[in-house]
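What follows is the content of work-v4.txt, which has compact mmCIF, C-alpha atoms (C1' of nucleotides) and all ligand atoms:
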```txt
# COMPACT_ATOMS: atom_id res chain seq x y z
CA MET A 1 14.93 -22.22 -47.94
CA ARG A 2 17.60 -24.86 -47.98
CA LEU A 3 17.47 -28.52 -47.25
CA SER A 4 20.01 -29.65 -44.72
CA LYS A 5 23.14 -31.40 -45.88
CA LEU A 6 21.94 -34.59 -44.26
CA THR A 7 18.83 -34.54 -46.41
CA ASP A 8 20.97 -34.09 -49.46
CA TYR A 9 23.07 -37.05 -48.40
CA ALA A 10 19.92 -39.05 -47.85
CA THR A 11 18.76 -38.61 -51.41
CA VAL A 12 22.15 -39.61 -52.75
CA ILE A 13 22.30 -42.67 -50.54
CA LEU A 14 18.74 -43.67 -51.32
CA SER A 15 19.40 -43.29 -55.01
CA VAL A 16 22.23 -45.77 -54.81
CA ILE A 17 20.12 -48.23 -52.88
CA ALA A 18 17.17 -47.76 -55.22
CA LYS A 19 19.29 -48.67 -58.20
CA ASN A 20 19.85 -52.10 -56.73
CA ASN A 21 17.30 -52.98 -54.11
CA SER A 22 17.61 -56.74 -54.43
CA CYS A 23 20.37 -57.07 -51.87
CA VAL A 24 21.02 -55.21 -48.63
CA HIS A 25 23.57 -52.43 -48.42
CA SER A 26 25.87 -51.88 -45.46
CA ALA A 27 26.79 -48.50 -44.08
CA VAL A 28 30.48 -48.94 -44.82
CA GLY A 29 29.69 -49.99 -48.35
CA MET A 30 27.54 -46.94 -48.91
CA ALA A 31 30.23 -44.72 -47.47
CA GLU A 32 32.72 -46.07 -49.97
CA VAL A 33 30.42 -45.66 -52.92
CA THR A 34 29.22 -42.19 -52.09
CA GLY A 35 32.36 -40.75 -50.55
CA ILE A 36 30.45 -39.58 -47.51
CA ALA A 37 32.09 -40.28 -44.14
CA GLN A 38 30.91 -43.54 -42.66
CA PRO A 39 29.59 -42.24 -39.31
CA THR A 40 27.57 -39.67 -41.16
CA VAL A 41 26.19 -42.27 -43.51
CA SER A 42 25.17 -44.35 -40.51
CA LYS A 43 23.40 -41.42 -38.96
CA VAL A 44 21.40 -40.81 -42.09
CA LEU A 45 20.53 -44.47 -42.52
CA LYS A 46 19.30 -44.73 -38.94
CA LEU A 47 17.04 -41.77 -39.39
CA LEU A 48 15.63 -43.25 -42.55
CA VAL A 49 14.88 -46.51 -40.76
CA LYS A 50 13.19 -44.65 -37.96
CA ALA A 51 10.97 -42.97 -40.51
CA LYS A 52 10.24 -46.30 -42.16
CA VAL A 53 11.77 -45.35 -45.45
CA LEU A 54 14.37 -48.07 -45.07
CA ILE A 55 14.32 -51.48 -43.45
CA SER A 56 17.38 -52.67 -41.61
CA VAL A 57 18.74 -56.17 -41.30
CA ARG A 58 20.94 -56.60 -38.28
CA GLY A 59 23.85 -58.91 -37.73
CA ALA A 60 26.58 -60.11 -40.07
CA LYS A 61 25.68 -59.73 -43.75
CA GLY A 62 23.09 -57.28 -42.61
CA GLY A 63 22.40 -53.87 -44.05
CA TYR A 64 19.63 -51.72 -45.38
CA ARG A 65 17.03 -51.99 -48.07
CA LEU A 66 14.07 -49.89 -49.16
CA ALA A 67 10.90 -50.34 -47.13
CA ARG A 68 8.84 -50.13 -50.31
CA SER A 69 9.33 -49.61 -54.02
CA PRO A 70 11.06 -46.42 -55.18
CA GLU A 71 7.83 -45.24 -56.77
CA LYS A 72 6.27 -45.10 -53.33
CA ILE A 73 9.01 -43.14 -51.63
CA SER A 74 8.46 -39.44 -52.10
CA VAL A 75 10.98 -36.68 -51.67
CA ALA A 76 8.62 -35.27 -49.08
CA ALA A 77 8.95 -38.47 -47.08
CA VAL A 78 12.71 -38.21 -47.19
CA ILE A 79 12.69 -34.61 -46.06
CA ASN A 80 10.27 -35.54 -43.36
CA ALA A 81 12.58 -38.30 -42.16
CA LEU A 82 15.59 -36.02 -41.85
CA GLU A 83 14.10 -32.69 -40.90
CA GLY A 84 10.68 -33.41 -39.52
CA PRO A 85 7.37 -32.22 -40.93
CA ILE A 86 7.48 -29.77 -43.79
CA ALA A 87 6.21 -26.51 -42.38
CA LEU A 88 7.50 -23.28 -43.83
CA THR A 89 6.35 -21.12 -40.97
CA GLU A 90 5.95 -21.40 -37.25
CA CYS A 91 2.20 -20.96 -37.65
CA SER A 92 1.87 -23.94 -39.94
CA ALA A 93 3.97 -26.12 -37.69
CA SER A 94 2.03 -25.69 -34.49
CA HIS A 95 -1.43 -24.32 -34.84
CA HIS A 96 -2.41 -21.61 -32.42
CA ALA A 97 1.08 -21.63 -30.98
CA CYS A 98 2.30 -18.68 -32.97
CA GLU A 99 2.39 -15.43 -31.13
CA GLN A 100 5.08 -13.86 -33.23
CA ALA A 101 3.09 -10.90 -34.26
CA ARG A 102 -0.08 -9.18 -33.23
CA GLY A 103 -2.69 -8.45 -35.82
CA CYS A 104 -1.54 -11.17 -38.17
CA GLU A 105 -4.20 -12.86 -40.18
CA ILE A 106 -2.20 -14.58 -42.84
CA GLN A 107 -1.79 -17.85 -41.06
CA GLY A 108 -4.45 -19.60 -43.09
CA ASN A 109 -2.86 -18.44 -46.30
CA TRP A 110 0.49 -19.77 -45.23
CA ASP A 111 -1.17 -23.10 -44.72
CA LEU A 112 -2.19 -23.13 -48.34
CA ILE A 113 1.28 -22.27 -49.52
CA ASN A 114 2.61 -25.00 -47.35
CA LYS A 115 0.29 -27.55 -48.79
CA THR A 116 1.28 -26.55 -52.28
CA VAL A 117 4.95 -26.96 -51.61
CA HIS A 118 4.25 -30.19 -49.84
CA ASN A 119 2.27 -31.48 -52.79
CA ALA A 120 5.08 -30.66 -55.13
CA LEU A 121 7.56 -32.57 -53.03
CA GLU A 122 5.15 -35.40 -52.40
CA SER A 123 4.74 -36.00 -56.06
CA VAL A 124 8.40 -36.55 -56.82
CA THR A 125 9.58 -40.03 -55.94
CA LEU A 126 12.84 -41.83 -55.62
CA ALA A 127 12.02 -43.54 -58.88
CA ASP A 128 11.93 -40.13 -60.53
CA LEU A 129 15.24 -39.09 -59.01
CA ILE A 130 17.21 -41.96 -60.45
CA LEU A 131 15.92 -41.40 -63.95
CA PRO A 132 17.92 -39.34 -66.42
CA VAL A 133 16.74 -35.76 -66.49
CA ARG A 134 13.95 -34.94 -68.88
CA PRO A 135 12.36 -31.62 -69.69
CA PRO A 136 8.92 -31.09 -68.20
CA ARG A 137 5.97 -32.17 -70.29
CA GLU A 138 3.16 -30.79 -68.23
CA ILE A 139 3.20 -27.36 -66.75
CA ASN A 140 2.52 -26.70 -63.15
CA ILE A 141 -0.66 -24.75 -62.53
CA PRO A 142 0.42 -22.44 -59.77
CA VAL A 143 -1.31 -21.73 -56.50
CA ALA A 144 -1.97 -18.13 -57.33
CA SER A 145 -4.95 -19.21 -59.31
CA LEU A 146 -6.37 -20.76 -56.21
CA TYR A 147 -7.02 -17.35 -54.85
CA ARG A 148 -8.32 -15.46 -57.81
CA MET B 1 12.42 -26.83 -44.63
CA ARG B 2 11.61 -23.79 -42.62
CA LEU B 3 11.63 -20.16 -43.49
CA SER B 4 13.64 -18.01 -41.11
CA LYS B 5 11.84 -15.94 -38.53
CA LEU B 6 12.89 -12.79 -40.31
CA THR B 7 11.12 -13.95 -43.44
CA ASP B 8 8.04 -14.62 -41.40
CA TYR B 9 8.26 -11.14 -39.94
CA ALA B 10 8.68 -9.73 -43.43
CA THR B 11 5.42 -11.19 -44.63
CA VAL B 12 3.58 -9.86 -41.61
CA ILE B 13 5.09 -6.42 -42.01
CA LEU B 14 4.46 -6.35 -45.73
CA SER B 15 0.88 -7.39 -45.19
CA VAL B 16 0.30 -4.42 -42.95
CA ILE B 17 1.86 -2.06 -45.46
CA ALA B 18 -0.04 -3.63 -48.32
CA LYS B 19 -3.33 -2.99 -46.62
CA ASN B 20 -2.65 0.73 -46.72
CA ASN B 21 -0.05 1.63 -49.27
CA SER B 22 -1.17 5.20 -49.80
CA CYS B 23 1.00 6.64 -47.05
CA VAL B 24 4.48 5.72 -45.87
CA HIS B 25 5.02 3.62 -42.78
CA SER B 26 7.78 4.22 -40.26
CA ALA B 27 9.76 1.48 -38.57
CA VAL B 28 8.58 2.49 -35.11
CA GLY B 29 5.01 2.53 -36.28
CA MET B 30 5.30 -0.94 -37.75
CA ALA B 31 6.90 -2.19 -34.56
CA GLU B 32 3.96 -0.93 -32.54
CA VAL B 33 1.38 -2.45 -34.83
CA THR B 34 3.02 -5.82 -35.21
CA GLY B 35 4.53 -6.21 -31.77
CA ILE B 36 7.92 -7.04 -33.23
CA ALA B 37 10.89 -5.28 -31.63
CA GLN B 38 11.76 -2.08 -33.42
CA PRO B 39 15.42 -2.81 -34.27
CA THR B 40 14.34 -6.10 -35.78
CA VAL B 41 11.64 -4.42 -37.80
CA SER B 42 14.24 -1.97 -39.10
CA LYS B 43 16.52 -4.79 -40.10
CA VAL B 44 13.78 -6.48 -42.07
CA LEU B 45 12.71 -3.25 -43.73
CA LYS B 46 16.25 -2.46 -44.80
CA LEU B 47 16.63 -5.85 -46.39
CA LEU B 48 13.38 -5.41 -48.25
CA VAL B 49 14.52 -2.06 -49.59
CA LYS B 50 17.80 -3.56 -50.70
CA ALA B 51 15.87 -6.18 -52.62
CA LYS B 52 13.65 -3.50 -54.14
CA VAL B 53 10.49 -4.84 -52.60
CA LEU B 54 10.05 -1.63 -50.65
CA ILE B 55 10.94 1.96 -51.36
CA SER B 56 12.17 4.13 -48.55
CA VAL B 57 11.64 7.82 -47.96
CA ARG B 58 14.29 9.34 -45.76
CA GLY B 59 14.09 12.24 -43.40
CA ALA B 60 11.35 13.35 -41.04
CA LYS B 61 7.91 12.04 -42.04
CA GLY B 62 9.74 9.43 -44.00
CA GLY B 63 9.09 5.73 -44.02
CA TYR B 64 8.49 2.83 -46.32
CA ARG B 65 6.06 1.96 -49.03
CA LEU B 66 5.72 -0.87 -51.53
CA ALA B 67 7.89 -0.64 -54.61
CA ARG B 68 5.03 -1.95 -56.73
CA SER B 69 1.49 -3.17 -56.32
CA PRO B 70 0.85 -6.12 -53.99
CA GLU B 71 -0.13 -8.26 -56.96
CA LYS B 72 3.37 -7.94 -58.29
CA ILE B 73 5.18 -8.88 -55.11
CA SER B 74 5.53 -12.62 -54.88
CA VAL B 75 6.28 -14.65 -51.82
CA ALA B 76 9.32 -15.91 -53.68
CA ALA B 77 10.59 -12.34 -53.96
CA VAL B 78 10.18 -11.84 -50.24
CA ILE B 79 12.02 -15.04 -49.42
CA ASN B 80 14.69 -14.04 -51.85
CA ALA B 81 15.09 -10.69 -50.13
CA LEU B 82 15.55 -12.19 -46.69
CA GLU B 83 17.32 -15.45 -47.38
CA GLY B 84 18.83 -15.17 -50.80
CA PRO B 85 18.01 -17.27 -53.83
CA ILE B 86 15.70 -20.22 -53.33
CA ALA B 87 17.85 -23.28 -53.82
CA LEU B 88 16.94 -26.42 -51.95
CA THR B 89 20.27 -28.09 -52.47
CA GLU B 90 23.88 -27.11 -52.73
CA CYS B 91 23.91 -28.40 -56.29
CA SER B 92 21.12 -26.11 -57.36
CA ALA B 93 22.69 -23.11 -55.68
CA SER B 94 26.08 -23.25 -57.32
CA HIS B 95 26.37 -25.35 -60.38
CA HIS B 96 29.38 -27.60 -60.59
CA ALA B 97 30.38 -26.54 -57.10
CA CYS B 98 28.90 -29.56 -55.40
CA GLU B 99 31.35 -32.24 -54.53
CA GLN B 100 29.35 -33.69 -51.70
CA ALA B 101 29.13 -37.13 -53.08
CA ARG B 102 30.78 -39.17 -55.76
CA GLY B 103 28.65 -40.97 -58.24
CA CYS B 104 25.74 -38.63 -57.84
CA GLU B 105 23.68 -37.99 -60.91
CA ILE B 106 20.54 -36.54 -59.46
CA GLN B 107 21.59 -32.94 -59.69
CA GLY B 108 19.54 -32.26 -62.76
CA ASN B 109 16.47 -33.72 -61.14
CA TRP B 110 16.94 -31.54 -58.10
CA ASP B 111 16.95 -28.60 -60.41
CA LEU B 112 13.50 -29.54 -61.60
CA ILE B 113 12.18 -29.91 -58.09
CA ASN B 114 13.66 -26.58 -57.28
CA LYS B 115 11.95 -24.90 -60.14
CA THR B 116 8.65 -26.41 -59.14
CA VAL B 117 8.87 -25.15 -55.61
CA HIS B 118 10.04 -21.81 -56.90
CA ASN B 119 7.09 -21.61 -59.25
CA ALA B 120 4.70 -22.34 -56.45
CA LEU B 121 6.13 -19.56 -54.33
CA GLU B 122 6.40 -17.21 -57.25
CA SER B 123 2.72 -17.53 -57.97
CA VAL B 124 1.54 -16.45 -54.55
CA THR B 125 1.57 -12.72 -54.09
CA LEU B 126 1.21 -10.25 -51.29
CA ALA B 127 -2.25 -9.51 -52.61
CA ASP B 128 -3.15 -13.14 -52.04
CA LEU B 129 -1.76 -13.13 -48.54
CA ILE B 130 -3.93 -10.32 -47.31
CA LEU B 131 -7.12 -11.86 -48.61
CA PRO B 132 -9.29 -13.98 -46.36
CA VAL B 133 -8.52 -17.63 -46.75
CA ARG B 134 -10.40 -19.52 -49.39
CA PRO B 135 -10.36 -23.17 -50.27
CA PRO B 136 -8.44 -24.03 -53.42
CA ARG B 137 -10.46 -24.06 -56.61
CA GLU B 138 -7.93 -25.48 -59.00
CA ILE B 139 -5.74 -28.39 -58.19
CA ASN B 140 -2.01 -28.30 -58.59
CA ILE B 141 -0.74 -30.69 -61.23
CA PRO B 142 2.35 -32.04 -59.54
CA VAL B 143 5.82 -32.45 -60.89
CA ALA B 144 5.72 -36.20 -60.72
CA SER B 145 3.86 -36.23 -63.95
CA LEU B 146 6.77 -34.46 -65.54
CA TYR B 147 8.79 -37.60 -65.31
CA ARG B 148 6.38 -40.32 -66.26
C1' DT C 1 30.61 -71.56 -29.42
C1' DA C 2 33.53 -67.80 -30.58
C1' DT C 3 34.24 -64.28 -33.67
C1' DA C 4 33.59 -60.86 -36.89
C1' DA C 5 30.40 -58.06 -39.30
C1' DC C 6 26.73 -55.67 -38.85
C1' DT C 7 22.94 -52.18 -36.85
C1' DA C 8 20.70 -49.32 -32.58
C1' DG C 9 20.81 -45.53 -29.94
C1' DG C 10 22.70 -42.05 -27.67
C1' DA C 11 25.91 -38.46 -26.10
C1' DC C 12 29.00 -35.17 -27.36
C1' DC C 13 31.42 -31.06 -29.22
C1' DA C 14 32.85 -27.77 -32.80
C1' DT C 15 31.21 -24.96 -36.21
C1' DT C 16 28.02 -22.29 -38.47
C1' DT C 17 23.84 -19.80 -38.82
C1' DT C 18 20.41 -16.94 -36.98
C1' DA C 19 18.32 -13.45 -34.19
C1' DG C 20 18.58 -9.57 -32.11
C1' DT C 21 20.86 -5.23 -30.64
C1' DA C 22 23.64 -1.16 -30.92
C1' DC C 23 26.04 2.55 -32.90
C1' DT C 24 27.17 6.17 -36.18
C1' DA C 25 26.13 8.71 -40.31
C1' DT C 26 22.89 10.76 -43.39
C1' DT C 27 18.60 12.86 -44.93
C1' DT C 28 14.70 16.04 -44.66
C1' DA C 29 10.28 18.32 -42.93
C1' DA C 30 9.05 21.86 -40.02
C1' DT D 1 18.29 24.42 -36.12
C1' DT D 2 16.11 20.54 -34.50
C1' DA D 3 13.71 16.34 -34.45
C1' DA D 4 12.24 12.41 -36.91
C1' DA D 5 13.36 9.37 -39.94
C1' DT D 6 16.38 5.80 -42.78
C1' DA D 7 21.37 3.68 -44.19
C1' DG D 8 24.86 0.88 -43.11
C1' DT D 9 27.64 -1.86 -40.46
C1' DA D 10 29.43 -4.23 -36.60
C1' DC D 11 28.74 -7.02 -32.83
C1' DT D 12 27.08 -10.57 -29.40
C1' DA D 13 24.32 -14.38 -27.68
C1' DA D 14 21.70 -18.22 -28.68
C1' DA D 15 20.25 -21.95 -31.44
C1' DA D 16 20.72 -25.29 -35.08
C1' DT D 17 23.63 -28.23 -37.65
C1' DG D 18 27.17 -31.34 -38.86
C1' DG D 19 30.02 -34.58 -37.65
C1' DT D 20 32.18 -37.99 -34.56
C1' DC D 21 32.43 -41.45 -31.11
C1' DC D 22 31.12 -44.92 -27.80
C1' DT D 23 28.55 -48.78 -25.96
C1' DA D 24 25.15 -52.30 -26.61
C1' DG D 25 22.64 -55.61 -29.20
C1' DT D 26 22.15 -59.01 -33.24
C1' DT D 27 23.37 -62.68 -36.44
C1' DA D 28 25.92 -65.46 -40.06
C1' DT D 29 29.54 -68.52 -40.21
C1' DA D 30 34.08 -70.59 -39.30
S1 LIG A 201 2.99 -15.26 -38.67
FE1 LIG A 201 2.31 -16.42 -36.98
S2 LIG A 201 0.20 -15.89 -36.82
FE2 LIG A 201 0.86 -14.92 -38.64
S1 LIG A 202 23.98 -33.95 -54.32
FE1 LIG A 202 25.47 -32.59 -55.11
S2 LIG A 202 25.95 -33.47 -57.06
FE2 LIG A 202 24.32 -34.70 -56.32
```

Reformat the file's structure so that it appears as structure tokens.
Amino acid sequence: MRLSKLTDYATVILSVIAKNNSCVHSAVGMAEVTGIAQPTVSKVLKLLVKAKVLISVRGAKGGYRLARSPEKISVAAVINALEGPIALTECSASHHACEQARGCEIQGNWDLINKTVHNALESVTLADLILPVRPPREINIPVASLYR
Amino acid sequence: MRLSKLTDYATVILSVIAKNNSCVHSAVGMAEVTGIAQPTVSKVLKLLVKAKVLISVRGAKGGYRLARSPEKISVAAVINALEGPIALTECSASHHACEQARGCEIQGNWDLINKTVHNALESVTLADLILPVRPPREINIPVASLYR
DNA sequence: TATAACTAGGACCATTTTAGTACTATTTAA
DNA sequence: TTAAATAGTACTAAAATGGTCCTAGTTATA
């Protein structure tokens, strides 16, 4: 139940970029600002480009910039870029491919849980992350009620 | 963003127990029913006892039974038993211990995301898992709204 | 046109984590 | 007394992760 370090890095890096998206940011520059080793920063940036979260500009004076506004980049998208699709269990990841246990009928329920977690992460954007922390105003209506 | 296999096993095993909690269940018995290797089943069961999700009865005719009713055993508790506290990021896990990146001020926001995911998992119980799947009736109000 | 400053895309290895197994000790019903 | 159970721990093999490095391609600009 942990995000990988790379995903953590990604959010930090993206936050920096989001705060000033008017110009492009180079990998070395980002490494200096964040304190993360440059090769690692590059790795993360490349993955984010591949997932179309960032756009790259090659050549001298090149660098990276957001592919869309921070409001449209969800945490779920970032996780997806670094770790692949959000799927808590094997069953949810590849339908019908799970033969872990006989007599298991909870697959469908896992799907629901998955969707809930996914929704939660989908609804938080980069724009939210760079804001100062505020206490919640609305309370989350939990999934349990879905079942009762 | 995956649960470990052991956690997956745990939910399957717990589901079986939950469906008939009047008698105790032995590790070998559970292994036969679920098709999971017996030593692995034992490992999972021991962890669940340690986390007070299950109660064990030692000696001949011993076995395991739920520590409380299925409605009171959340998925979050199960994950916690197998994988430790739910903390998506290093920052959330150990406060002030994260020195991954300089100039990072999103820690507090991660905390909120964490809580949201935790809430979602806390609100799904073992009782829900063993029910036939139903489409959601109420919609989750996502965290994003917390920030806007 | 040459150069320097960039990114693209792999390949690679060390480390850590995970999964699974095994062993010994303890408990208890029959 | 014995057999059927769990408790606890240690161990190994396999997989995932983190991190680095190398080569190739692109482009502004001196
Ligand atoms: S855990 Fe895979 S089918 Fe239920
Ligand atoms: S990621 Fe650790 S302090 Fe921000």

Practice prompt. Please identify all polymer residues lying at most 12 Å from the point (20.4, -43.9, -39.5) (file coordinates), using only C-alpha atoms (C1' of nucleotides), and present the result as JSON, numbers by chain.
Written response: {"A": [6, 7, 9, 10, 13, 14, 26, 27, 38, 39, 40, 41, 42, 43, 44, 45, 46, 47, 48, 49, 50, 51, 52, 53, 54, 55, 56, 63, 64, 81, 82], "C": [7, 8, 9]}

Q. Residues at most 12 Å from DA10 in chain D, counting all atoms listed in the file, excluding those fewer than 5 positions away in the same chain, as a list in words?
A.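 So, after excluding close chain neighbours, the residues are DT21, DA22, DC23 and DT24 of chain C.
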
Q | Atomic distance CA of Ile113 in chain A - CA of Pro70 in chain A, expressed in Å with one decimal | A |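 One can read the CA of Ile113 in chain A to CA of Pro70 in chain A distance as 26.7 Å.
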
So that each row is one residue of chain B with an atom at most 7 Å from chain D, can you give its shortest atom pair and the distance in Å to one decimal, using all atoms listed in the file, rows by chain and rising number, as a tab-separated table?
```
residue	atom	partner	partner_atom	distance
B:Arg58	CA	D:DT6	C1'	5.1
B:Gly59	CA	D:DA5	C1'	4.6
B:Ala60	CA	D:DA4	C1'	4.3
B:Lys61	CA	D:DA5	C1'	6.4
B:Gly62	CA	D:DA5	C1'	5.4
B:Gly63	CA	D:DA5	C1'	6.9
```

Six-sided padding of 8 Å per side, axis-aligned box over ligand LIG 202 (chain A), centre and edges in Å, one decimal, as JSON:
```
{"center_x": 25.0, "center_y": -33.6, "center_z": -55.7, "size_x": 18.0, "size_y": 18.1, "size_z": 18.7}
```
